[in-house]
Amino acid sequence: MFGHSVKLFDLFGFEIKVDASWLLIAALIVWSLASGYLPQVLPGLGQGAYLAVAVIAMLGLFGSLILHELAHSLVARRHGLGIGGITLFLFGGVAELVDEPRSATSEFWIAIAGPAMSLLLAGLFGLATMATHAAGIVGTIFAYLASINLILAVFNLLPAFPLDGGRVLRAWLWRRSGDMLEATRKASGAGTVLALGLMALGLFSALSGGGISGMWLVLIGFFVLNASRAAYQRLLVQDGLRGRRVAELMTPDPWTVTSDMTLAEVADRVMLAHAVSFAPVVEQGLVIGQIDASRMREVPREHWATARVADVMAPLTDADLIAPRMTAEEALHRLSEGPHRKLIVAEGRRLRGILSLRDLMGHIAVVQALGRGAPRRPE
Ligand SMILES: [Zn+2]
């Protein structure tokens with residue numbers, strides 16, 4: 001469900017998108033308002049009227065979420081950070097920061113801007129609620145939006161990285177120690193503890209008759225737990241690859257095959273002999289294609305003695321090639337977004353090595369194992 005987002009419009013130069021999961025939540029909100037909350041606080045209206053009021057309230061929530069993310073985005077832009085866009089999804093929104101804040105001060109202001117906006121909206125809707133005495137359709141909508149914005153501000157201020165409050169906590173730790181990675185580790189640790197607490201509370205509440213709202217807490221806890229771990233992992237990966245180039249991390253001088261070899265020869269002399277399931281096809285020093293075990297399997301085994309590499313190899317495309325000078329972070333992006341698990345490292349078409357996701361992960365693991373104090377090669 002994630003990753004299927006639809007662009008709605010541009011606001012201050014930011015792309016506003018909704019994920020399919022948000023539409024589900026929006027429908028759930030409309031349904032629960034129209035069938036539960038509204039008939040209770042506004043008795044005596046028809047089904048159609050409840051539905052219309054519920055849709056308006058949901059659109060108000062939608063606008064509130066966008067303003068929250070917009071506040072993050074505008075402050076991030078002022079601090080010189082790129083923003084990919086704003087996407088609303090399951091539990092709210094994300095302003096997609098292209099890179100991490102460069103200083104603890106930037107981090108603090110960017111993180112606090114969202115909850116500050118939600119608090120401001122809660123205050124404004126609160127005043128509007130008082131002005132309308134919380135009465136009638138308009139007063140009911142104002143009261144709903146005042147409380148929902150207050151909840152948004154409080155929830156986002158929970159000190160659980162990567163929630164806004166967790167980012168504020170990280171900014172504070174970062175400022176104290178000067179070590180961003182260590183600050184992130186602690187802040188996401190706090191996120192994990194808090195998430196487990198929320199889940200336990202939700203489970204307890206559900207078991208003692210809280211029903212749906214308890215399960216809701218469990219779900220939110222689960223979401224925070226995953227998000228805090230993923231955010232820290234992502235940072236470890238970035239840190240592990242920083243300043244490294246493809247040439248340093250690739251497997252140099254890989255086993256190669258020629259296009260006139262039979263599949264039987266490839267299997268026996270190359271793949272089984274050297275424990276590789278992938279080989280570049282090289283002709284007169286230049287890469288012309290690649291072959292792997294899955295392509296071999298498509299040919300019935302009885303033909304392996306006669307079928308040649310030239311018949312089954314994948315011809316080379318630009319998507320298969322990567323330059324040795326490319327940064328390891330770009331290479332990771334290519335490997336994780338692209339269709340290939342392995343890339344051929346070549347200058348022009350001259351083979352230099354092979355780079356796989358495993359090469360990158362192996363390097364990150366070693367950086368981790370050596371610890372933060374280990375000497376690093378100059379960048
Ligand atoms: Zn936020």
# chains A, B, ... in the order shown; residues from 1 in each chain; ligands from 1

call {"tool": "select_by_dssp", "arguments": {"residues": "stretch 166-272 of chain A", "states": "helix (DSSP H, G or I)", "output": "number ranges by chain"}}
result
A: 166-177, 180-210, 212-241, 246-249, 263-272

call {"tool": "residues_around", "arguments": {"residues": "A:Ile288", "least_positions_apart": "2", "cutoff": "7 Å", "atoms": "only C-alpha atoms", "output": "PyMOL selection string"}}
result
chain A and resi 281-283+286+315-316

call {"tool": "closest_residue", "arguments": {"among": "A:Ala52, A:Val154, A:Ala128, A:Ala122", "to": "ligand 1", "atoms": "only C-alpha atoms and all ligand atoms"}}
result
A:Val154

call {"tool": "residues_near_ligand", "arguments": {"ligand": "ligand 1", "cutoff": "7 Å", "atoms": "only C-alpha atoms and all ligand atoms", "output": "ChimeraX atom specification"}}
result
/A:68-69,72,111,114-115,156,163-164

call {"tool": "residues_around", "arguments": {"residues": "A:Phe223", "least_positions_apart": "6", "cutoff": "12 Å", "atoms": "only C-alpha atoms", "output": "ChimeraX atom specification"}}
result
/A:89-92,160-163,191-192,194-196,198-199,216-217,229-230

call {"tool": "select_by_dssp", "arguments": {"residues": "stretch 26-112 of chain A", "states": "strand (DSSP E)", "output": "list in words"}}
result
Ile83, Gly84, Gly85, Ile86, Thr87, Leu88, Phe89, Gly92, Gly93, Val94, Ala95, Glu96 and Leu97 of chain A

call {"tool": "closest_residue", "arguments": {"among": "A:Met261, A:Ala328, A:Ile83, A:Met180", "to": "A:Val312", "atoms": "only C-alpha atoms"}}
result
A:Met261

call {"tool": "atom_distance", "arguments": {"atom1": "atom CA of A:Leu169", "atom2": "atom CA of A:Ala146"}}
result
26.1 Å

call {"tool": "closest_residue", "arguments": {"among": "A:Ala153, A:Ile66, A:Ala319, A:Met326", "to": "A:Arg341", "atoms": "only C-alpha atoms"}}
result
A:Ala319

call {"tool": "closest_residue", "arguments": {"among": "A:Leu241, A:Ala190, A:Leu272, A:Leu51", "to": "A:Leu225", "atoms": "only C-alpha atoms"}}
result
A:Ala190

call {"tool": "residues_around", "arguments": {"residues": "A:Arg170", "least_positions_apart": "4", "cutoff": "9 Å", "atoms": "only C-alpha atoms", "output": "list of chain:residue names"}}
result
A:Ala104, A:Glu107, A:Phe108, A:Pro159, A:Phe161, A:Gly165, A:Gly166, A:Trp174, A:Arg175, A:Met180, A:Ala183, A:Thr184, A:Arg185, A:Lys186, A:Ala187, A:Ser188

call {"tool": "residues_around", "arguments": {"residues": "stretch 30-37 of chain A", "least_positions_apart": "3", "cutoff": "9 Å", "atoms": "only C-alpha atoms", "output": "MDAnalysis selection string"}}
result
chainID A and resid 25:27 40:42 47:58
